[in-house]
>>> print(open('start.cif').read())   # mmCIF, C-alpha atoms
data_start
#
loop_
_atom_site.group_PDB
_atom_site.id
_atom_site.type_symbol
_atom_site.label_atom_id
_atom_site.label_comp_id
_atom_site.auth_asym_id
_atom_site.auth_seq_id
_atom_site.Cartn_x
_atom_site.Cartn_y
_atom_site.Cartn_z
ATOM 1 C CA MET G 237 90.035 99.613 62.137
ATOM 2 C CA SER G 238 91.199 101.064 65.419
ATOM 3 C CA ASN G 239 91.161 104.780 66.083
ATOM 4 C CA VAL G 240 94.728 106.161 66.571
ATOM 5 C CA PRO G 241 94.695 109.936 67.263
ATOM 6 C CA ALA G 242 97.716 111.637 65.687
ATOM 7 C CA ASP G 243 98.256 114.054 68.608
ATOM 8 C CA LEU G 244 99.051 111.304 71.140
ATOM 9 C CA LYS G 245 102.141 109.195 71.855
ATOM 10 C CA TYR G 246 101.974 105.399 72.221
ATOM 11 C CA THR G 247 103.806 102.452 73.785
ATOM 12 C CA GLU G 248 104.543 98.875 72.719
ATOM 13 C CA HIS G 249 102.112 97.857 75.496
ATOM 14 C CA ASP G 250 99.106 99.570 73.808
ATOM 15 C CA GLU G 251 98.940 102.617 76.057
ATOM 16 C CA TRP G 252 98.329 106.164 74.842
ATOM 17 C CA ILE G 253 100.011 109.221 76.335
ATOM 18 C CA ARG G 254 98.848 112.836 76.118
ATOM 19 C CA VAL G 255 101.343 115.533 77.117
ATOM 20 C CA GLU G 256 99.478 118.199 79.108
ATOM 21 C CA ALA G 257 100.301 121.927 79.159
ATOM 22 C CA ASP G 258 101.843 121.594 82.654
ATOM 23 C CA GLY G 259 104.183 118.797 81.520
ATOM 24 C CA THR G 260 102.276 115.965 83.181
ATOM 25 C CA LEU G 261 101.314 112.922 81.116
ATOM 26 C CA THR G 262 97.801 111.516 80.943
ATOM 27 C CA ILE G 263 97.769 107.766 80.206
ATOM 28 C CA GLY G 264 95.114 105.316 79.097
ATOM 29 C CA ILE G 265 94.777 102.213 76.949
ATOM 30 C CA THR G 266 94.304 102.457 73.200
ATOM 31 C CA ASP G 267 91.178 101.751 71.223
ATOM 32 C CA PHE G 268 93.020 98.709 69.805
ATOM 33 C CA ALA G 269 93.732 97.418 73.332
ATOM 34 C CA GLN G 270 90.130 97.753 74.490
ATOM 35 C CA GLU G 271 88.955 95.954 71.301
ATOM 36 C CA GLN G 272 91.375 93.085 72.011
ATOM 37 C CA LEU G 273 90.341 92.845 75.667
ATOM 38 C CA GLY G 274 86.585 92.912 75.105
ATOM 39 C CA ASP G 275 84.227 94.016 77.880
ATOM 40 C CA ILE G 276 86.283 95.624 80.650
ATOM 41 C CA VAL G 277 84.947 94.757 84.106
ATOM 42 C CA PHE G 278 87.605 95.996 86.566
ATOM 43 C CA LEU G 279 90.413 98.561 86.802
ATOM 44 C CA GLU G 280 93.133 98.623 89.450
ATOM 45 C CA LEU G 281 94.851 102.005 89.296
ATOM 46 C CA PRO G 282 98.017 103.317 90.984
ATOM 47 C CA GLU G 283 97.747 105.676 93.958
ATOM 48 C CA ALA G 284 98.769 109.330 93.669
ATOM 49 C CA GLY G 285 102.196 109.959 95.190
ATOM 50 C CA ARG G 286 103.660 106.637 94.052
ATOM 51 C CA ALA G 287 107.078 106.806 92.390
ATOM 52 C CA VAL G 288 107.249 104.542 89.328
ATOM 53 C CA SER G 289 109.971 103.263 87.007
ATOM 54 C CA LYS G 290 109.717 103.131 83.223
ATOM 55 C CA ASP G 291 108.058 99.863 82.083
ATOM 56 C CA GLU G 292 106.981 99.011 85.666
ATOM 57 C CA ALA G 293 103.589 97.250 85.829
ATOM 58 C CA ILE G 294 101.528 99.769 87.798
ATOM 59 C CA ALA G 295 97.877 99.122 86.918
ATOM 60 C CA VAL G 296 95.628 96.244 85.865
ATOM 61 C CA VAL G 297 92.755 96.131 83.385
ATOM 62 C CA GLU G 298 90.507 93.082 83.686
ATOM 63 C CA SER G 299 88.041 92.066 81.017
ATOM 64 C CA VAL G 300 85.758 89.100 80.552
ATOM 65 C CA LYS G 301 88.605 87.530 78.519
ATOM 66 C CA ALA G 302 91.811 88.374 80.402
ATOM 67 C CA ALA G 303 93.691 90.539 82.871
ATOM 68 C CA SER G 304 96.314 92.850 81.426
ATOM 69 C CA ASP G 305 99.040 94.855 83.122
ATOM 70 C CA ILE G 306 99.396 98.542 82.324
ATOM 71 C CA PHE G 307 102.979 99.798 82.362
ATOM 72 C CA ALA G 308 104.459 103.201 83.199
ATOM 73 C CA PRO G 309 105.588 104.733 79.886
ATOM 74 C CA VAL G 310 108.204 106.836 81.710
ATOM 75 C CA ALA G 311 109.713 107.103 85.177
ATOM 76 C CA GLY G 312 108.062 109.619 87.455
ATOM 77 C CA GLU G 313 105.434 110.173 90.111
ATOM 78 C CA ILE G 314 101.734 109.309 89.870
ATOM 79 C CA VAL G 315 99.867 112.589 90.395
ATOM 80 C CA ALA G 316 96.279 111.374 89.857
ATOM 81 C CA ASN G 317 94.150 108.390 88.982
ATOM 82 C CA ASN G 318 90.716 108.359 87.368
ATOM 83 C CA ALA G 319 88.329 107.184 90.092
ATOM 84 C CA ASP G 320 85.407 107.714 87.680
ATOM 85 C CA ALA G 321 86.853 105.153 85.264
ATOM 86 C CA ALA G 322 87.623 102.736 88.125
ATOM 87 C CA GLY G 323 83.982 103.037 89.230
ATOM 88 C CA ALA G 324 82.701 102.487 85.688
ATOM 89 C CA PRO G 325 85.326 100.348 83.880
ATOM 90 C CA GLU G 326 83.026 99.939 80.863
ATOM 91 C CA SER G 327 83.716 103.629 80.145
ATOM 92 C CA VAL G 328 87.084 102.519 78.695
ATOM 93 C CA ASN G 329 85.223 100.423 76.106
ATOM 94 C CA ALA G 330 82.885 103.333 75.333
ATOM 95 C CA GLY G 331 85.702 105.863 74.840
ATOM 96 C CA ALA G 332 89.273 104.633 75.168
ATOM 97 C CA TYR G 333 90.727 108.120 74.635
ATOM 98 C CA GLU G 334 88.320 109.894 77.008
ATOM 99 C CA ALA G 335 88.576 107.387 79.889
ATOM 100 C CA TRP G 336 92.138 108.075 81.045
ATOM 101 C CA LEU G 337 93.555 105.852 83.788
ATOM 102 C CA PHE G 338 96.294 107.844 85.543
ATOM 103 C CA LYS G 339 98.600 110.847 85.266
ATOM 104 C CA ILE G 340 102.382 110.914 85.728
ATOM 105 C CA LYS G 341 104.750 113.794 86.385
ATOM 106 C CA PRO G 342 107.822 112.527 84.474
ATOM 107 C CA THR G 343 111.242 112.545 86.127
ATOM 108 C CA ASN G 344 112.734 113.533 82.760
ATOM 109 C CA ALA G 345 110.437 115.310 80.267
ATOM 110 C CA ASP G 346 112.692 114.203 77.370
ATOM 111 C CA ASP G 347 111.643 110.566 77.981
ATOM 112 C CA VAL G 348 108.427 111.376 76.113
ATOM 113 C CA ASN G 349 110.457 111.736 72.902
ATOM 114 C CA ALA G 350 111.269 108.008 72.987
ATOM 115 C CA LEU G 351 107.582 107.009 72.812
ATOM 116 C CA MET G 352 105.940 105.884 69.569
ATOM 117 C CA SER G 353 104.200 108.285 67.183
ATOM 118 C CA ALA G 354 100.714 107.528 65.903
ATOM 119 C CA ALA G 355 102.236 106.355 62.574
ATOM 120 C CA ASP G 356 104.631 103.995 64.378
ATOM 121 C CA TYR G 357 101.804 102.618 66.511
ATOM 122 C CA GLU G 358 99.534 102.099 63.477
ATOM 123 C CA ALA G 359 102.373 100.140 61.813
ATOM 124 C CA LYS G 360 102.757 98.000 64.965
ATOM 125 C CA ILE G 361 99.079 97.048 65.167
ATOM 126 C CA GLY G 362 98.842 96.555 61.411
#
>>> encode(input="start.cif", output="structure tokens")
Amino acid sequence: MSNVPADLKYTEHDEWIRVEADGTLTIGITDFAQEQLGDIVFLELPEAGRAVSKDEAIAVVESVKAASDIFAPVAGEIVANNADAAGAPESVNAGAYEAWLFKIKPTNADDVNALMSAADYEAKIG
């Protein structure tokens, strides 16, 4: 059974979102997603300063099985990416909720309210 922390938000695309104290969003892929992908071998992450649209494909996770796009959960600006995770992509398999991929400063903070709760996400993944 996949681990789905109750304090995070989720997307249909199997990303998790943590709202930080300063209003930025930290984004990664869920435990369920990393289980489905298998051994992750490469991460392509968005550059800081990039403006992104909601649901835009902005990152790629490659595993031994497949390559998967990662989508922006909200519109905003990329403020950081996790170079440590990019340098050690297997860290996402080891700890999906510790190995964040990028951070977004949302254009509209209320957009976070439209994301899935942990209960909704658990229902989606069954």
>>> resolve_selection(input="start.cif", expression="the PyMOL selection byres ((chain G and resi 301) around 8)", output="PyMOL selection string")
chain G and resi 273-275+298-300+302-303
>>> residues_around(input="start.cif", residues="Ser353 in chain G", least_positions_apart="3", cutoff="7 Å", atoms="all atoms listed in the file", output="MDAnalysis selection string")
chainID G and resid 245:246 356:357
>>> closest_residue(input="start.cif", among="G:Ile263, G:Ala311, G:Val255, G:Leu281", to="Asn344 in chain G", atoms="all atoms listed in the file")
G:Ala311
>>> resolve_selection(input="start.cif", expression="the PyMOL selection byres ((chain G and resi 313-329) around 12)", output="ChimeraX atom specification")
/G:259-290,294-300,308-312,330-344
>>> axis_aligned_box(input="start.cif", around="range 280-286 of chain G", padding_each_side="3 Å", output="AutoDock Vina command-line options")
--center_x 98.4 --center_y 104.3 --center_z 92.2 --size_x 16.5 --size_y 17.3 --size_z 11.9
>>> atom_distance(input="start.cif", atom1="CA of Met352 in chain G", atom2="CA of Leu244 in chain G")
8.9 Å
>>> closest_residue(input="start.cif", among="G:Glu251, G:Val348, G:Ala355, G:Pro241", to="Asp305 in chain G", atoms="only C-alpha atoms")
G:Glu251
>>> atom_distance(input="start.cif", atom1="CA of Asp347 in chain G", atom2="CA of Asp250 in chain G")
17.2 Å
>>> closest_residue(input="start.cif", among="G:Ser304, G:Asp346, G:Leu351, G:Asp291", to="Trp252 in chain G", atoms="all atoms listed in the file")
G:Leu351
>>> atom_distance(input="start.cif", atom1="CA of Ile253 in chain G", atom2="CA of Ser238 in chain G")
16.2 Å
>>> closest_residue(input="start.cif", among="G:Ala242, G:Glu256, G:Glu292, G:Lys360", to="Ala345 in chain G", atoms="all atoms listed in the file")
G:Glu256
>>> build_atoms(input="start.cif", residues="range 324-358 of chain G", atoms="N, CA and C atoms", output="mmCIF file, keeping the file's coordinate frame")
data_model
loop_
_atom_site.group_PDB
_atom_site.id
_atom_site.type_symbol
_atom_site.label_atom_id
_atom_site.label_comp_id
_atom_site.auth_asym_id
_atom_site.auth_seq_id
_atom_site.Cartn_x
_atom_site.Cartn_y
_atom_site.Cartn_z
ATOM 1 N N ALA G 324 83.481 102.858 86.875
ATOM 2 C CA ALA G 324 82.701 102.487 85.688
ATOM 3 C C ALA G 324 83.658 102.003 84.605
ATOM 4 N N PRO G 325 84.281 100.803 84.812
ATOM 5 C CA PRO G 325 85.326 100.348 83.880
ATOM 6 C C PRO G 325 84.852 100.223 82.435
ATOM 7 N N GLU G 326 83.555 100.030 82.229
ATOM 8 C CA GLU G 326 83.026 99.939 80.863
ATOM 9 C C GLU G 326 83.214 101.245 80.097
ATOM 10 N N SER G 327 83.489 102.346 80.816
ATOM 11 C CA SER G 327 83.716 103.629 80.145
ATOM 12 C C SER G 327 84.940 103.559 79.231
ATOM 13 N N VAL G 328 85.896 102.680 79.541
ATOM 14 C CA VAL G 328 87.084 102.519 78.695
ATOM 15 C C VAL G 328 86.680 101.915 77.348
ATOM 16 N N ASN G 329 85.721 100.973 77.363
ATOM 17 C CA ASN G 329 85.223 100.423 76.106
ATOM 18 C C ASN G 329 84.468 101.486 75.306
ATOM 19 N N ALA G 330 83.713 102.325 76.000
ATOM 20 C CA ALA G 330 82.885 103.333 75.333
ATOM 21 C C ALA G 330 83.734 104.439 74.706
ATOM 22 N N GLY G 331 84.857 104.792 75.359
ATOM 23 C CA GLY G 331 85.702 105.863 74.840
ATOM 24 C C GLY G 331 87.109 105.740 75.364
ATOM 25 N N ALA G 332 87.923 104.936 74.681
ATOM 26 C CA ALA G 332 89.273 104.633 75.168
ATOM 27 C C ALA G 332 90.124 105.886 75.352
ATOM 28 N N TYR G 333 89.888 106.929 74.546
ATOM 29 C CA TYR G 333 90.727 108.120 74.635
ATOM 30 C C TYR G 333 90.137 109.187 75.563
ATOM 31 N N GLU G 334 88.921 108.983 76.027
ATOM 32 C CA GLU G 334 88.320 109.894 77.008
ATOM 33 C C GLU G 334 88.537 109.343 78.424
ATOM 34 N N ALA G 335 88.475 108.037 78.573
ATOM 35 C CA ALA G 335 88.576 107.387 79.889
ATOM 36 C C ALA G 335 90.044 107.138 80.239
ATOM 37 N N TRP G 336 90.736 108.204 80.635
ATOM 38 C CA TRP G 336 92.138 108.075 81.045
ATOM 39 C C TRP G 336 92.214 107.263 82.332
ATOM 40 N N LEU G 337 93.385 106.696 82.602
ATOM 41 C CA LEU G 337 93.555 105.852 83.788
ATOM 42 C C LEU G 337 94.346 106.541 84.890
ATOM 43 N N PHE G 338 95.477 107.170 84.533
ATOM 44 C CA PHE G 338 96.294 107.844 85.543
ATOM 45 C C PHE G 338 97.145 108.916 84.881
ATOM 46 N N LYS G 339 97.725 109.774 85.739
ATOM 47 C CA LYS G 339 98.600 110.847 85.266
ATOM 48 C C LYS G 339 99.943 110.726 85.970
ATOM 49 N N ILE G 340 101.007 110.993 85.214
ATOM 50 C CA ILE G 340 102.382 110.914 85.728
ATOM 51 C C ILE G 340 103.073 112.255 85.518
ATOM 52 N N LYS G 341 103.810 112.675 86.538
ATOM 53 C CA LYS G 341 104.750 113.794 86.385
ATOM 54 C C LYS G 341 106.088 113.133 86.082
ATOM 55 N N PRO G 342 106.591 113.246 84.832
ATOM 56 C CA PRO G 342 107.822 112.527 84.474
ATOM 57 C C PRO G 342 109.054 113.070 85.196
ATOM 58 N N THR G 343 109.960 112.169 85.544
ATOM 59 C CA THR G 343 111.242 112.545 86.127
ATOM 60 C C THR G 343 112.052 113.337 85.108
ATOM 61 N N ASN G 344 112.000 112.891 83.848
ATOM 62 C CA ASN G 344 112.734 113.533 82.760
ATOM 63 C C ASN G 344 111.768 113.742 81.593
ATOM 64 N N ALA G 345 111.409 114.995 81.318
ATOM 65 C CA ALA G 345 110.437 115.310 80.267
ATOM 66 C C ALA G 345 110.880 114.796 78.893
ATOM 67 N N ASP G 346 112.193 114.679 78.663
ATOM 68 C CA ASP G 346 112.692 114.203 77.370
ATOM 69 C C ASP G 346 112.345 112.736 77.111
ATOM 70 N N ASP G 347 112.011 111.975 78.162
ATOM 71 C CA ASP G 347 111.643 110.566 77.981
ATOM 72 C C ASP G 347 110.449 110.412 77.045
ATOM 73 N N VAL G 348 109.604 111.427 76.979
ATOM 74 C CA VAL G 348 108.427 111.376 76.113
ATOM 75 C C VAL G 348 108.842 111.222 74.645
ATOM 76 N N ASN G 349 109.992 111.789 74.296
ATOM 77 C CA ASN G 349 110.457 111.736 72.902
ATOM 78 C C ASN G 349 110.734 110.318 72.423
ATOM 79 N N ALA G 350 110.971 109.398 73.354
ATOM 80 C CA ALA G 350 111.269 108.008 72.987
ATOM 81 C C ALA G 350 110.003 107.192 72.729
ATOM 82 N N LEU G 351 108.836 107.746 73.018
ATOM 83 C CA LEU G 351 107.582 107.009 72.812
ATOM 84 C C LEU G 351 107.211 106.985 71.334
ATOM 85 N N MET G 352 106.329 106.068 70.965
ATOM 86 C CA MET G 352 105.940 105.884 69.569
ATOM 87 C C MET G 352 104.996 106.990 69.088
ATOM 88 N N SER G 353 105.156 107.359 67.826
ATOM 89 C CA SER G 353 104.200 108.285 67.183
ATOM 90 C C SER G 353 102.977 107.483 66.762
ATOM 91 N N ALA G 354 101.927 108.198 66.380
ATOM 92 C CA ALA G 354 100.714 107.528 65.903
ATOM 93 C C ALA G 354 101.041 106.650 64.682
ATOM 94 N N ALA G 355 101.874 107.136 63.767
ATOM 95 C CA ALA G 355 102.236 106.355 62.574
ATOM 96 C C ALA G 355 102.965 105.074 62.956
ATOM 97 N N ASP G 356 103.892 105.189 63.911
ATOM 98 C CA ASP G 356 104.631 103.995 64.378
ATOM 99 C C ASP G 356 103.676 102.991 65.013
ATOM 100 N N TYR G 357 102.746 103.500 65.816
ATOM 101 C CA TYR G 357 101.804 102.618 66.511
ATOM 102 C C TYR G 357 100.875 101.938 65.498
ATOM 103 N N GLU G 358 100.390 102.689 64.521
ATOM 104 C CA GLU G 358 99.534 102.099 63.477
ATOM 105 C C GLU G 358 100.276 100.988 62.746
#
